[in-house]
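Source file final-v4.cif; content: mmCIF, C-alpha atoms.
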```cif
data_data
loop_
_atom_site.label_atom_id
_atom_site.label_comp_id
_atom_site.auth_asym_id
_atom_site.auth_seq_id
_atom_site.Cartn_x
_atom_site.Cartn_y
_atom_site.Cartn_z
CA MET A 95 0.00 -16.51 30.66
CA ARG A 96 -2.02 -15.00 33.44
CA HIS A 97 -4.90 -12.74 32.62
CA ASP A 98 -6.65 -10.96 35.42
CA PHE A 99 -7.91 -7.74 33.90
CA LEU A 100 -11.39 -8.38 35.28
CA ASP A 101 -10.59 -8.16 38.97
CA ARG A 102 -6.88 -7.54 39.13
CA TYR A 103 -6.90 -5.85 42.51
CA SER A 104 -9.49 -8.02 44.23
CA ARG A 105 -6.75 -10.06 45.91
CA LEU A 106 -4.99 -7.09 47.51
CA ASP A 107 -4.98 -6.75 51.26
CA SER A 108 -6.52 -3.60 52.75
CA PRO A 109 -9.11 -2.72 55.39
CA VAL A 110 -11.72 -2.56 52.61
CA HIS A 111 -10.69 -5.95 51.23
CA ARG A 112 -11.00 -7.53 54.67
CA ILE A 113 -14.67 -6.54 55.13
CA PRO A 114 -16.80 -9.68 54.60
CA ALA A 115 -18.20 -9.99 51.07
CA PHE A 116 -21.87 -9.96 52.09
CA VAL A 117 -21.44 -6.72 54.09
CA LYS A 118 -19.82 -5.01 51.11
CA PHE A 119 -22.43 -6.36 48.74
CA GLY A 120 -25.30 -5.20 50.95
CA ALA A 121 -23.75 -1.77 51.45
CA ALA A 122 -23.13 -1.34 47.72
CA LEU A 123 -26.72 -2.32 46.95
CA VAL A 124 -28.17 0.17 49.46
CA PHE A 125 -25.78 2.83 48.19
CA VAL A 126 -26.76 2.35 44.56
CA ILE A 127 -30.47 2.43 45.37
CA GLY A 128 -29.93 5.61 47.39
CA LEU A 129 -28.08 7.24 44.51
CA VAL A 130 -30.85 6.37 42.10
CA VAL A 131 -33.82 7.54 44.20
CA ALA A 132 -32.38 10.66 45.89
CA PRO A 133 -33.69 13.87 44.26
CA LEU A 134 -31.01 15.84 42.45
CA SER A 135 -31.83 19.00 44.45
CA GLU A 136 -30.20 17.36 47.49
CA ARG A 137 -26.75 18.36 46.30
CA TRP A 138 -25.09 17.70 49.66
CA PHE A 139 -26.11 14.02 49.48
CA PHE A 140 -24.25 13.50 46.21
CA ALA A 141 -21.27 15.47 47.43
CA VAL A 142 -20.99 13.35 50.57
CA ALA A 143 -21.45 10.15 48.54
CA ALA A 144 -18.70 11.16 46.13
CA LEU A 145 -16.37 12.04 48.99
CA PHE A 146 -17.08 8.72 50.68
CA LEU A 147 -16.34 6.74 47.51
CA VAL A 148 -13.07 8.59 46.96
CA LEU A 149 -12.13 7.84 50.55
CA VAL A 150 -12.90 4.12 50.07
CA SER A 151 -10.79 4.07 46.88
CA VAL A 152 -7.83 5.56 48.70
CA VAL A 153 -8.10 3.19 51.67
CA SER A 154 -8.48 0.17 49.36
CA ARG A 155 -5.03 0.84 47.84
CA ILE A 156 -6.34 0.31 44.31
CA PRO A 157 -4.37 2.63 42.00
CA LEU A 158 -6.57 5.63 41.24
CA SER A 159 -5.44 5.57 37.60
CA PHE A 160 -6.91 2.07 37.30
CA ILE A 161 -10.26 3.23 38.70
CA ALA A 162 -10.25 6.26 36.38
CA LYS A 163 -9.56 4.04 33.36
CA ARG A 164 -12.38 1.71 34.28
CA LEU A 165 -14.75 4.64 34.63
CA LEU A 166 -13.74 6.02 31.23
CA LEU A 167 -14.25 2.58 29.71
CA LEU A 168 -17.76 2.12 31.11
CA GLU A 169 -19.03 5.70 31.02
CA PRO A 170 -19.71 5.95 27.25
CA PHE A 171 -22.47 3.33 27.50
CA VAL A 172 -24.41 5.43 30.02
CA LEU A 173 -23.52 8.79 28.53
CA GLY A 174 -24.91 7.68 25.17
CA VAL A 175 -28.35 7.74 26.77
CA GLY A 176 -27.58 11.02 28.58
CA ILE A 177 -26.53 12.83 25.43
CA LEU A 178 -29.80 11.90 23.72
CA MET A 179 -31.55 13.68 26.62
CA LEU A 180 -29.74 16.91 25.71
CA LEU A 181 -31.99 17.13 22.65
CA ARG A 182 -35.02 17.69 24.87
CA PRO A 183 -36.03 21.20 25.99
CA ASP A 184 -35.06 20.77 29.69
CA GLY A 185 -32.34 18.27 28.78
CA LEU A 186 -29.45 19.75 30.72
CA THR A 187 -30.77 18.89 34.19
CA VAL A 188 -31.70 15.37 33.07
CA PHE A 189 -28.26 14.97 31.53
CA LEU A 190 -26.55 16.16 34.71
CA SER A 191 -28.71 13.88 36.81
CA ILE A 192 -27.84 10.85 34.68
CA PHE A 193 -24.18 11.79 34.59
CA VAL A 194 -23.77 12.23 38.35
CA ARG A 195 -25.84 9.21 39.34
CA SER A 196 -24.27 6.85 36.81
CA THR A 197 -20.72 7.91 37.60
CA LEU A 198 -21.21 7.33 41.30
CA CYS A 199 -23.01 4.00 40.74
CA LEU A 200 -20.26 2.80 38.41
CA LEU A 201 -17.65 3.85 40.93
CA THR A 202 -19.46 1.85 43.63
CA MET A 203 -19.54 -1.25 41.44
CA ILE A 204 -15.92 -0.89 40.37
CA LEU A 205 -14.91 -0.67 44.01
CA LEU A 206 -17.06 -3.63 44.99
CA SER A 207 -15.76 -5.90 42.24
CA ASN A 208 -12.14 -4.93 42.84
CA THR A 209 -12.15 -5.33 46.59
CA THR A 210 -14.03 -8.65 46.67
CA PRO A 211 -12.87 -11.84 44.96
CA PHE A 212 -15.42 -13.08 42.46
CA SER A 213 -15.81 -16.37 44.32
CA GLY A 214 -16.82 -14.37 47.41
CA LEU A 215 -19.50 -12.51 45.47
CA LEU A 216 -20.79 -15.82 44.09
CA GLN A 217 -21.15 -17.17 47.60
CA VAL A 218 -23.18 -14.11 48.54
CA PHE A 219 -25.46 -14.67 45.52
CA ARG A 220 -25.87 -18.31 46.50
CA ARG A 221 -26.71 -17.45 50.11
CA MET A 222 -29.21 -14.85 48.97
CA GLY A 223 -31.06 -17.60 47.14
CA ALA A 224 -30.07 -16.84 43.56
CA PRO A 225 -30.94 -19.81 41.29
CA ALA A 226 -28.20 -22.45 41.66
CA LEU A 227 -27.98 -22.90 37.90
CA LEU A 228 -27.33 -19.20 37.36
CA VAL A 229 -24.58 -19.14 39.99
CA THR A 230 -22.98 -22.25 38.44
CA VAL A 231 -23.05 -20.68 34.99
CA LEU A 232 -21.48 -17.47 36.33
CA ALA A 233 -18.79 -19.46 38.14
CA LEU A 234 -17.97 -21.47 35.02
CA MET A 235 -17.92 -18.33 32.91
CA TYR A 236 -15.47 -16.65 35.23
CA ARG A 237 -13.32 -19.77 35.41
CA TYR A 238 -13.08 -20.39 31.65
CA LEU A 239 -13.02 -16.87 30.28
CA PHE A 240 -9.28 -16.70 30.88
CA VAL A 241 -8.67 -20.20 29.57
CA LEU A 242 -10.45 -19.17 26.39
CA ILE A 243 -8.37 -16.00 26.06
CA ASP A 244 -5.18 -18.03 26.55
CA GLU A 245 -6.28 -20.42 23.85
CA ALA A 246 -7.08 -17.58 21.45
CA GLU A 247 -3.71 -16.04 22.17
CA ARG A 248 -1.87 -19.30 21.50
CA MET A 249 -3.69 -19.73 18.20
CA GLN A 250 -2.98 -16.15 17.28
CA ARG A 251 0.71 -16.67 17.95
CA ALA A 252 0.81 -19.87 15.95
CA ARG A 253 -0.89 -18.02 13.11
CA VAL A 254 1.45 -15.04 13.22
CA SER A 255 4.48 -17.30 13.23
CA ARG A 256 3.38 -18.79 9.93
CA THR A 257 1.94 -15.72 8.20
CA PHE A 258 4.15 -14.45 5.43
CA THR A 259 1.79 -12.37 3.30
CA ARG A 260 0.04 -9.27 4.46
CA GLY A 261 -3.09 -9.08 2.32
CA ARG A 262 -6.18 -7.65 4.02
CA THR A 263 -8.65 -10.22 2.73
CA HIS A 264 -6.25 -12.96 3.63
CA LEU A 265 -6.13 -11.65 7.18
CA TRP A 266 -9.91 -11.55 7.49
CA LYS A 267 -10.17 -15.11 6.25
CA LEU A 268 -7.61 -16.22 8.81
CA LEU A 269 -9.45 -14.40 11.55
CA ALA A 270 -12.63 -16.22 10.59
CA THR A 271 -10.78 -19.54 10.85
CA VAL A 272 -9.45 -18.64 14.28
CA VAL A 273 -12.91 -17.69 15.54
CA SER A 274 -14.53 -20.86 14.20
CA GLN A 275 -11.70 -23.01 15.57
CA LEU A 276 -12.11 -21.35 18.94
CA PHE A 277 -15.81 -22.14 18.89
CA ILE A 278 -15.20 -25.80 18.05
CA ARG A 279 -12.53 -26.14 20.71
CA SER A 280 -14.79 -24.52 23.30
CA THR A 281 -17.65 -26.89 22.62
CA GLU A 282 -15.28 -29.83 22.88
CA ARG A 283 -13.89 -28.48 26.12
CA ALA A 284 -17.41 -27.95 27.43
CA GLU A 285 -18.09 -31.64 26.84
CA ARG A 286 -14.93 -32.66 28.68
CA ILE A 287 -15.77 -30.37 31.59
CA TYR A 288 -19.23 -31.89 31.78
CA SER A 289 -17.68 -35.38 31.89
CA ALA A 290 -15.35 -34.24 34.66
CA MET A 291 -18.33 -32.89 36.62
CA CYS A 292 -20.24 -36.14 36.16
CA ALA A 293 -17.19 -38.14 37.19
CA ARG A 294 -17.32 -36.43 40.57
CA GLY A 295 -20.98 -37.01 41.10
CA TRP A 296 -22.70 -34.04 39.41
CA ARG A 297 -26.37 -34.72 38.71
CA MET B 241 -12.54 -62.22 46.62
CA LYS B 242 -14.40 -59.85 44.32
CA PRO B 243 -12.14 -58.08 41.83
CA ALA B 244 -11.98 -54.28 42.19
CA LEU B 245 -12.64 -53.87 38.49
CA ASP B 246 -14.15 -56.39 36.13
CA VAL B 247 -14.53 -55.43 32.48
CA ARG B 248 -16.20 -58.01 30.24
CA ASP B 249 -16.42 -57.77 26.49
CA LEU B 250 -16.58 -53.99 26.37
CA SER B 251 -16.98 -52.46 22.91
CA TYR B 252 -17.68 -48.83 22.20
CA HIS B 253 -17.96 -46.62 19.17
CA TYR B 254 -18.28 -42.86 19.31
CA PRO B 255 -21.40 -41.17 17.89
CA ASP B 256 -19.38 -40.27 14.77
CA GLY B 257 -18.98 -44.00 14.11
CA LYS B 258 -15.32 -44.36 15.07
CA GLN B 259 -14.77 -47.67 16.82
CA ALA B 260 -12.81 -46.89 19.99
CA LEU B 261 -12.91 -50.16 21.94
CA ARG B 262 -13.31 -53.74 20.70
CA ALA B 263 -14.26 -56.55 23.05
CA VAL B 264 -12.04 -55.41 25.89
CA SER B 265 -11.95 -57.80 28.86
CA PHE B 266 -9.81 -57.74 31.97
CA ALA B 267 -10.05 -57.80 35.74
CA VAL B 268 -8.07 -55.93 38.37
CA GLU B 269 -7.70 -57.29 41.89
CA GLU B 270 -8.08 -55.06 44.93
CA GLY B 271 -4.90 -53.15 45.74
CA GLU B 272 -3.33 -53.91 42.36
CA CYS B 273 -1.62 -51.16 40.37
CA VAL B 274 -2.03 -51.63 36.62
CA GLY B 275 -0.38 -49.67 33.82
CA LEU B 276 -2.40 -49.00 30.67
CA ILE B 277 -0.14 -48.21 27.73
CA GLY B 278 -0.57 -47.90 23.99
CA PRO B 279 -0.05 -45.45 21.13
CA ASN B 280 -2.05 -42.23 20.70
CA GLY B 281 -5.66 -42.90 19.84
CA SER B 282 -5.53 -46.51 21.05
CA GLY B 283 -8.55 -45.98 23.32
CA LYS B 284 -6.88 -45.55 26.72
CA SER B 285 -8.86 -42.44 27.70
CA THR B 286 -12.09 -43.92 26.36
CA LEU B 287 -11.54 -47.04 28.45
CA LEU B 288 -10.95 -44.99 31.61
CA LEU B 289 -14.13 -42.97 30.99
CA HIS B 290 -16.03 -46.27 31.09
CA LEU B 291 -14.65 -47.21 34.47
CA ASN B 292 -16.76 -44.71 36.36
CA GLY B 293 -19.68 -44.64 34.00
CA VAL B 294 -19.09 -41.32 32.21
CA LEU B 295 -19.31 -43.44 29.07
CA PRO B 296 -21.38 -44.94 27.50
CA GLU B 297 -23.82 -42.06 27.14
CA ARG B 298 -26.73 -44.36 27.92
CA HIS B 299 -26.57 -47.29 30.27
CA GLU B 300 -28.75 -49.78 28.44
CA GLY B 301 -28.37 -53.50 27.90
CA LEU B 302 -26.03 -55.69 29.90
CA PRO B 303 -23.48 -53.78 31.96
CA THR B 304 -19.92 -54.51 30.83
CA VAL B 305 -18.13 -52.91 33.77
CA THR B 306 -18.36 -54.16 37.36
CA VAL B 307 -16.78 -52.22 40.22
CA LEU B 308 -16.30 -54.06 43.54
CA GLY B 309 -19.12 -56.40 42.61
CA LEU B 310 -21.43 -53.55 41.59
CA PRO B 311 -22.48 -53.63 37.91
CA ALA B 312 -22.43 -50.20 36.18
CA THR B 313 -26.14 -49.67 35.60
CA ALA B 314 -27.95 -46.34 35.65
CA GLU B 315 -29.09 -46.78 39.27
CA ASN B 316 -25.64 -47.80 40.52
CA LEU B 317 -23.91 -44.82 38.92
CA PRO B 318 -23.72 -42.54 41.99
CA ALA B 319 -22.12 -45.33 44.04
CA ILE B 320 -19.72 -46.22 41.23
CA ARG B 321 -18.69 -42.61 40.67
CA ARG B 322 -17.94 -42.35 44.31
CA SER B 323 -15.80 -45.47 44.47
CA VAL B 324 -13.88 -44.81 41.23
CA GLY B 325 -11.92 -41.55 41.19
CA LEU B 326 -11.12 -40.40 37.67
CA LEU B 327 -8.25 -38.02 36.98
CA PHE B 328 -8.55 -36.28 33.61
CA GLN B 329 -5.78 -35.56 31.18
CA ASP B 330 -6.13 -31.76 31.01
CA PRO B 331 -6.26 -30.15 34.49
CA ASP B 332 -8.17 -27.19 33.04
CA ASP B 333 -11.05 -29.52 32.23
CA GLN B 334 -11.19 -30.84 35.74
CA LEU B 335 -10.73 -27.64 37.74
CA PHE B 336 -14.05 -26.00 37.00
CA CYS B 337 -14.61 -24.10 40.26
CA PRO B 338 -13.52 -20.52 41.02
CA THR B 339 -11.31 -21.51 43.97
CA VAL B 340 -9.15 -24.49 44.87
CA TYR B 341 -11.19 -25.15 48.01
CA GLU B 342 -14.50 -25.26 46.15
CA ASP B 343 -13.02 -27.53 43.54
CA VAL B 344 -11.69 -30.08 46.00
CA ALA B 345 -14.98 -29.83 47.92
CA PHE B 346 -17.08 -30.43 44.80
CA GLY B 347 -17.04 -34.23 44.93
CA PRO B 348 -17.70 -34.57 48.68
CA GLN B 349 -20.58 -32.07 48.43
CA GLN B 350 -22.13 -33.94 45.51
CA PHE B 351 -21.97 -37.14 47.54
CA GLY B 352 -23.92 -35.43 50.32
CA MET B 353 -21.24 -35.08 53.02
CA ARG B 354 -22.01 -32.57 55.77
CA ASP B 355 -20.15 -29.24 55.85
CA ALA B 356 -17.79 -30.20 58.67
CA GLU B 357 -16.98 -33.51 56.96
CA VAL B 358 -16.41 -31.73 53.67
CA ARG B 359 -13.99 -29.33 55.33
CA ALA B 360 -12.08 -32.19 56.92
CA ALA B 361 -11.95 -34.14 53.64
CA VAL B 362 -10.66 -31.09 51.76
CA GLN B 363 -7.97 -30.36 54.37
CA GLU B 364 -6.86 -33.97 54.34
CA ALA B 365 -6.75 -34.17 50.53
CA LEU B 366 -4.84 -30.90 50.15
CA ALA B 367 -2.36 -32.02 52.81
CA LYS B 368 -1.82 -35.33 51.00
CA VAL B 369 -0.81 -33.58 47.80
CA GLY B 370 1.27 -31.02 49.70
CA LEU B 371 -0.88 -27.96 48.98
CA GLU B 372 -2.02 -26.85 52.43
CA GLY B 373 -3.09 -23.23 52.42
CA PHE B 374 -3.93 -23.15 48.71
CA GLY B 375 -7.68 -23.23 49.36
CA ARG B 376 -8.43 -19.63 48.45
CA ARG B 377 -6.29 -19.49 45.31
CA SER B 378 -8.00 -19.52 41.96
CA PRO B 379 -7.02 -22.41 39.66
CA HIS B 380 -6.14 -19.98 36.91
CA HIS B 381 -3.22 -18.65 38.92
CA LEU B 382 -1.55 -22.01 39.57
CA SER B 383 1.35 -23.62 37.75
CA GLY B 384 0.79 -26.77 35.68
CA GLY B 385 2.13 -29.02 38.42
CA GLU B 386 0.02 -27.36 41.10
CA LYS B 387 -3.08 -27.67 38.95
CA GLN B 388 -2.39 -31.37 38.47
CA ARG B 389 -2.05 -31.84 42.24
CA VAL B 390 -5.28 -29.94 42.93
CA CYS B 391 -7.03 -32.27 40.48
CA LEU B 392 -5.66 -35.25 42.36
CA ALA B 393 -6.78 -33.71 45.67
CA GLY B 394 -10.27 -33.29 44.20
CA VAL B 395 -10.32 -36.99 43.40
CA LEU B 396 -8.82 -38.08 46.73
CA ALA B 397 -11.32 -35.99 48.70
CA CYS B 398 -14.02 -38.42 47.55
CA ARG B 399 -12.01 -41.22 49.21
CA PRO B 400 -12.23 -43.56 46.22
CA ASP B 401 -11.45 -47.29 46.32
CA VAL B 402 -10.17 -47.26 42.75
CA LEU B 403 -8.11 -44.55 41.07
CA ALA B 404 -8.21 -44.25 37.29
CA LEU B 405 -5.53 -41.80 36.17
CA ASP B 406 -5.23 -40.44 32.65
CA GLU B 407 -1.70 -39.20 31.86
CA PRO B 408 -1.00 -38.01 35.40
CA THR B 409 2.59 -36.99 34.61
CA SER B 410 2.16 -35.32 31.22
CA ASP B 411 2.23 -31.77 32.63
CA LEU B 412 4.93 -32.30 35.24
CA ASP B 413 8.62 -31.53 35.35
CA PRO B 414 11.00 -34.32 36.47
CA ARG B 415 10.76 -33.38 40.13
CA GLY B 416 6.96 -33.21 39.90
CA LYS B 417 7.00 -36.68 38.33
CA ARG B 418 9.12 -38.12 41.14
CA GLU B 419 6.91 -36.56 43.80
CA LEU B 420 3.75 -37.83 42.12
CA ALA B 421 5.20 -41.34 41.91
CA VAL B 422 5.97 -41.30 45.64
CA LEU B 423 2.50 -39.94 46.41
CA LEU B 424 0.77 -42.58 44.29
CA GLN B 425 2.86 -45.33 45.88
CA SER B 426 1.67 -44.21 49.31
CA LEU B 427 -2.03 -44.54 48.37
CA LYS B 428 -3.64 -47.86 49.17
CA ALA B 429 -6.36 -47.63 46.51
CA THR B 430 -6.46 -49.91 43.49
CA LYS B 431 -4.88 -47.99 40.62
CA ILE B 432 -5.07 -48.06 36.86
CA ILE B 433 -2.77 -45.58 35.15
CA ALA B 434 -3.01 -44.72 31.45
CA THR B 435 0.24 -43.13 30.36
CA HIS B 436 3.05 -42.74 27.86
CA ASP B 437 5.47 -42.41 30.78
CA LEU B 438 6.85 -45.95 30.69
CA GLU B 439 9.31 -45.33 33.49
CA LEU B 440 6.39 -44.49 35.76
CA VAL B 441 4.78 -47.79 34.79
CA VAL B 442 7.99 -49.68 35.60
CA LYS B 443 8.20 -47.89 38.93
CA LEU B 444 4.61 -48.28 40.09
CA CYS B 445 2.78 -51.00 38.21
CA GLY B 446 3.33 -54.70 38.69
CA ARG B 447 1.10 -55.48 35.75
CA THR B 448 0.56 -53.81 32.40
CA LEU B 449 -2.13 -53.83 29.72
CA VAL B 450 -1.17 -52.87 26.19
CA LEU B 451 -4.00 -51.33 24.18
CA ASP B 452 -3.81 -50.80 20.42
CA GLY B 453 -6.63 -50.03 18.01
CA GLY B 454 -9.14 -50.44 20.82
CA GLU B 455 -8.04 -54.00 21.62
CA ILE B 456 -5.98 -55.40 24.46
CA VAL B 457 -2.99 -56.88 22.67
CA ALA B 458 -1.00 -57.86 25.74
CA ASP B 459 -1.68 -58.32 29.46
CA GLY B 460 1.03 -59.46 31.84
CA PRO B 461 3.82 -58.61 34.28
CA THR B 462 5.24 -55.15 33.52
CA LEU B 463 8.90 -56.12 33.37
CA GLU B 464 8.21 -58.99 31.00
CA LEU B 465 6.08 -56.95 28.57
CA LEU B 466 8.13 -53.79 28.58
CA SER B 467 11.37 -55.71 28.02
CA ASP B 468 9.91 -57.29 24.90
CA GLU B 469 11.37 -54.90 22.35
CA SER B 470 9.49 -56.26 19.34
CA LEU B 471 6.14 -56.06 21.14
CA MET B 472 6.83 -52.48 22.24
CA VAL B 473 7.95 -51.25 18.82
CA LYS B 474 5.07 -52.98 17.07
CA HIS B 475 2.60 -50.95 19.11
CA GLY B 476 4.24 -47.55 18.84
CA LEU B 477 6.04 -47.84 22.18
CA GLU B 478 9.63 -48.44 23.19
CA LYS B 479 11.61 -50.37 25.71
CA PRO B 480 12.12 -47.87 28.54
CA HIS B 481 15.61 -46.73 29.25
CA ILE B 482 15.71 -48.02 32.81
CA LEU B 483 15.12 -51.55 31.50
CA GLN B 484 17.96 -51.39 28.98
CA HIS B 485 20.48 -52.21 31.67
CA ARG B 486 18.67 -55.04 33.36
CA HIS B 487 19.78 -57.68 30.86
CA PRO B 488 21.77 -60.57 32.26
CA HIS B 489 25.24 -60.12 30.84
#
```
Write-out of the structure in structure tokens:
Amino acid sequence: MRHDFLDRYSRLDSPVHRIPAFVKFGAALVFVIGLVVAPLSERWFFAVAALFLVLVSVVSRIPLSFIAKRLLLLEPFVLGVGILMLLRPDGLTVFLSIFVRSTLCLLTMILLSNTTPFSGLLQVFRRMGAPALLVTVLALMYRYLFVLIDEAERMQRARVSRTFTRGRTHLWKLLATVVSQLFIRSTERAERIYSAMCARGWR
Amino acid sequence: MKPALDVRDLSYHYPDGKQALRAVSFAVEEGECVGLIGPNGSGKSTLLLHLNGVLPERHEGLPTVTVLGLPATAENLPAIRRSVGLLFQDPDDQLFCPTVYEDVAFGPQQFGMRDAEVRAAVQEALAKVGLEGFGRRSPHHLSGGEKQRVCLAGVLACRPDVLALDEPTSDLDPRGKRELAVLLQSLKATKIIATHDLELVVKLCGRTLVLDGGEIVADGPTLELLSDESLMVKHGLEKPHILQHRHPH
């Protein structure tokens, strides 16, 4: 089983993918800050930014449907805040401002994370002086997230293959067992990983 | 000559109280290749974890393991971990870095090699296991056999004097097993291989230790021990197929 829903297209080859990770990271950072601080009255700025991002998406060869789906998935979190603003007297402008800015920022981040392998981003963090422990934790998280999903899937399959009744409560109980088992297995795996790190000189 | 490994009266019980090793003693000469066999739960993995000081959790009291004349005490641990390369049973436990290159480079970096040296060590190790050009791949996208070979590369990159391998063939298909056997044969390091793959033991190891219930129940020439049907069956093993036909008729 191979899961790669997090950064499925980060290993493609395109002009955008070939730009060094730190250049892309720096550009994305500047871009996001610009989008946040620019006053909304400067409509042309947002129009140009949007056009630029669309251009980058096309050049990067990432399917546009994938980018759209990602946006739809992430947008509700930001829009929740925006919709609350609608309740205020001058809410509409605030709502529009949040909507435009957040959409463009999300698009920037989606493009960054899908044109740069995660390991490349981690190296940028490390070079920028992010705490080594934090980078290690992020690296381990990325590495074992998929292993964990595989394990959950295997357990789920084993469970389904031996489930004969279809009671609701029964199902919930089983789910609880799977979750607790997964937790136990993860802690055991964490111990083994730590041993493996020590065995190669980790201090 | 100093033995490569000297284990004296090693006993260990896990924090939950389960006794895993009882008074284990043996020595391995430099360049020797020793098979470590025994039923499930006999303590093979636990024994290997002791060889480079991952266990015991605390290094107090008299050291029971000596590597190339160096007793395994807390202050000798970095040196011992460098000279004993440990290959773990589950490749997913051992490949903890986001890319193959970083994983193979992990050991050399921890031991303070310079960047250029690290790069050379990684190239050399990947070439040895036949995985040149895999550096940028992520471990998650490799097959079982490839993962196993990356693990081995990660160990070899530290240029160890002793290799302690835990079930190196368990994830491999027959061709992978043959290739691994050839690769291991070509390495000059002292080797101790814990495995259920008795044919591998016959092929590679001149000497075998049989572990059962945390005790060494037999220690001798491989062909002699593995041909002893009653000994093998008594300890949950079997006489390997390739030895069935070596009887004098």
What do you get, as a ChimeraX atom specification, if you spell out every residue that the PyMOL selection byres ((chain B) within 7 of (chain A)) selects here? /B:292,294,318,321-322,326,333-334,336-339,347,350-351,381
If the PyMOL selection byres ((chain B and resi 391) around 8) were run on this exact file, what residues would it hold? Put them as a PDB file with C-alpha atoms, in the coordinates of the input.
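For reference, part_15.pdb as written:
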```pdb
ATOM      1  CA  LEU B 327      -8.250 -38.020  36.980  1.00  0.00           C
ATOM      2  CA  PRO B 331      -6.260 -30.150  34.490  1.00  0.00           C
ATOM      3  CA  GLN B 334     -11.190 -30.840  35.740  1.00  0.00           C
ATOM      4  CA  LEU B 335     -10.730 -27.640  37.740  1.00  0.00           C
ATOM      5  CA  VAL B 344     -11.690 -30.080  46.000  1.00  0.00           C
ATOM      6  CA  LYS B 387      -3.080 -27.670  38.950  1.00  0.00           C
ATOM      7  CA  GLN B 388      -2.390 -31.370  38.470  1.00  0.00           C
ATOM      8  CA  ARG B 389      -2.050 -31.840  42.240  1.00  0.00           C
ATOM      9  CA  VAL B 390      -5.280 -29.940  42.930  1.00  0.00           C
ATOM     10  CA  LEU B 392      -5.660 -35.250  42.360  1.00  0.00           C
ATOM     11  CA  ALA B 393      -6.780 -33.710  45.670  1.00  0.00           C
ATOM     12  CA  GLY B 394     -10.270 -33.290  44.200  1.00  0.00           C
ATOM     13  CA  VAL B 395     -10.320 -36.990  43.400  1.00  0.00           C
TER      14      VAL B 395
END
```
Distance of CA of Arg248 (chain B) from CA of Thr304 (chain B), expressed in Å to one decimal place: 5.1 Å
Quote the spacing between CA of Gly275 (chain B) and CA of Ile433 (chain B) in Å to one decimal place. 4.9 Å
Could the residues of region 295-326 of chain B that have an atom at most 12 Å from region 427-431 of chain B be listed as a tab-separated table, each with its closest atom pair and the distance in Å to one decimal, counting all atoms listed in the file and ordered by chain and ascending residue number?
```
residue	atom	partner	partner_atom	distance
B:Val307	CA	B:Thr430	CA	11.1
B:Leu308	CA	B:Thr430	CA	10.7
B:Ser323	CA	B:Ala429	CA	9.9
B:Val324	CA	B:Thr430	CA	9.3
B:Gly325	CA	B:Lys431	CA	9.6
B:Leu326	CA	B:Lys431	CA	10.3
```
Run the PyMOL selection byres ((chain B and resi 250-266) around 7) mentally over the shown coordinates, then write out the matched residues as a JSON list (two decimals) with C-alpha atoms, in the frame of the given file, using the chain letters and numbers from the document.
```json
[["chain", "number", "residue", "atom", "x", "y", "z"],
["B", 246, "ASP", "CA", -14.15, -56.39, 36.13],
["B", 247, "VAL", "CA", -14.53, -55.43, 32.48],
["B", 248, "ARG", "CA", -16.20, -58.01, 30.24],
["B", 249, "ASP", "CA", -16.42, -57.77, 26.49],
["B", 267, "ALA", "CA", -10.05, -57.80, 35.74],
["B", 268, "VAL", "CA", -8.07, -55.93, 38.37],
["B", 283, "GLY", "CA", -8.55, -45.98, 23.32],
["B", 304, "THR", "CA", -19.92, -54.51, 30.83],
["B", 454, "GLY", "CA", -9.14, -50.44, 20.82],
["B", 455, "GLU", "CA", -8.04, -54.00, 21.62],
["B", 456, "ILE", "CA", -5.98, -55.40, 24.46]]
```
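Proximity to region 299-303 of chain B at 7 Å, evaluated using only C-alpha atoms and with sequence-adjacent residues fewer than 5 positions away removed, yields Pro311, Ala312, Thr313 and Ala314 of chain B.
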Between CA of Ile204 (chain A) and CA of Phe189 (chain A), what is the spacing in Å?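 Value for the CA of Phe189 (chain A)-CA of Ile204 (chain A) distance: 22.0 Å.
Using only C-alpha atoms, the protein and nucleic acid residues lying no more than 9 Å from Leu106 (chain A), apart from those fewer than 5 places from it along its own chain, are His111, Ser154, Arg155, Ile156, Asn208 and Thr209 of chain A.
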Those selected residues, please, written with C-alpha atoms and delivered as an mmCIF file, in the frame of the given file.
```
data_model
loop_
_atom_site.group_PDB
_atom_site.id
_atom_site.type_symbol
_atom_site.label_atom_id
_atom_site.label_comp_id
_atom_site.auth_asym_id
_atom_site.auth_seq_id
_atom_site.Cartn_x
_atom_site.Cartn_y
_atom_site.Cartn_z
ATOM 1 C CA HIS A 111 -10.690 -5.950 51.230
ATOM 2 C CA SER A 154 -8.480 0.170 49.360
ATOM 3 C CA ARG A 155 -5.030 0.840 47.840
ATOM 4 C CA ILE A 156 -6.340 0.310 44.310
ATOM 5 C CA ASN A 208 -12.140 -4.930 42.840
ATOM 6 C CA THR A 209 -12.150 -5.330 46.590
#
```
Considering all atoms listed in the file, state which residue in the set B:Met353, B:Ala404, B:Val362, B:Ile482 is at the smallest distance from Asp437 (chain B). B:Ile482
Restricting the calculation to only C-alpha atoms: of A:Ala132, A:Trp266, A:Pro114, A:Leu276, which residue gets closest to Asp244 (chain A)? A:Leu276
For Lys163 (chain A), which of A:Phe193, A:Lys118, A:Leu200, A:Val175 is the closest residue, counting all atoms listed in the file? A:Leu200
Which residues are near Leu412 (chain B)? Cut-off 7 Å, only C-alpha atoms, ignore same chain within fewer than 3 positions. Put them as number ranges by chain. B: 384-385, 409, 416-417
Would you mind exporting region 237-241 of chain A with C-alpha atoms, as a compact mmCIF listing (two decimals), in the first residue's frame?
```txt
# COMPACT_ATOMS: atom_id res chain seq x y z
CA ARG A 237 7.87 9.36 7.79
CA TYR A 238 5.54 7.40 10.09
CA LEU A 239 2.17 8.90 9.26
CA PHE A 240 1.86 6.57 6.29
CA VAL A 241 3.16 3.57 8.20
```
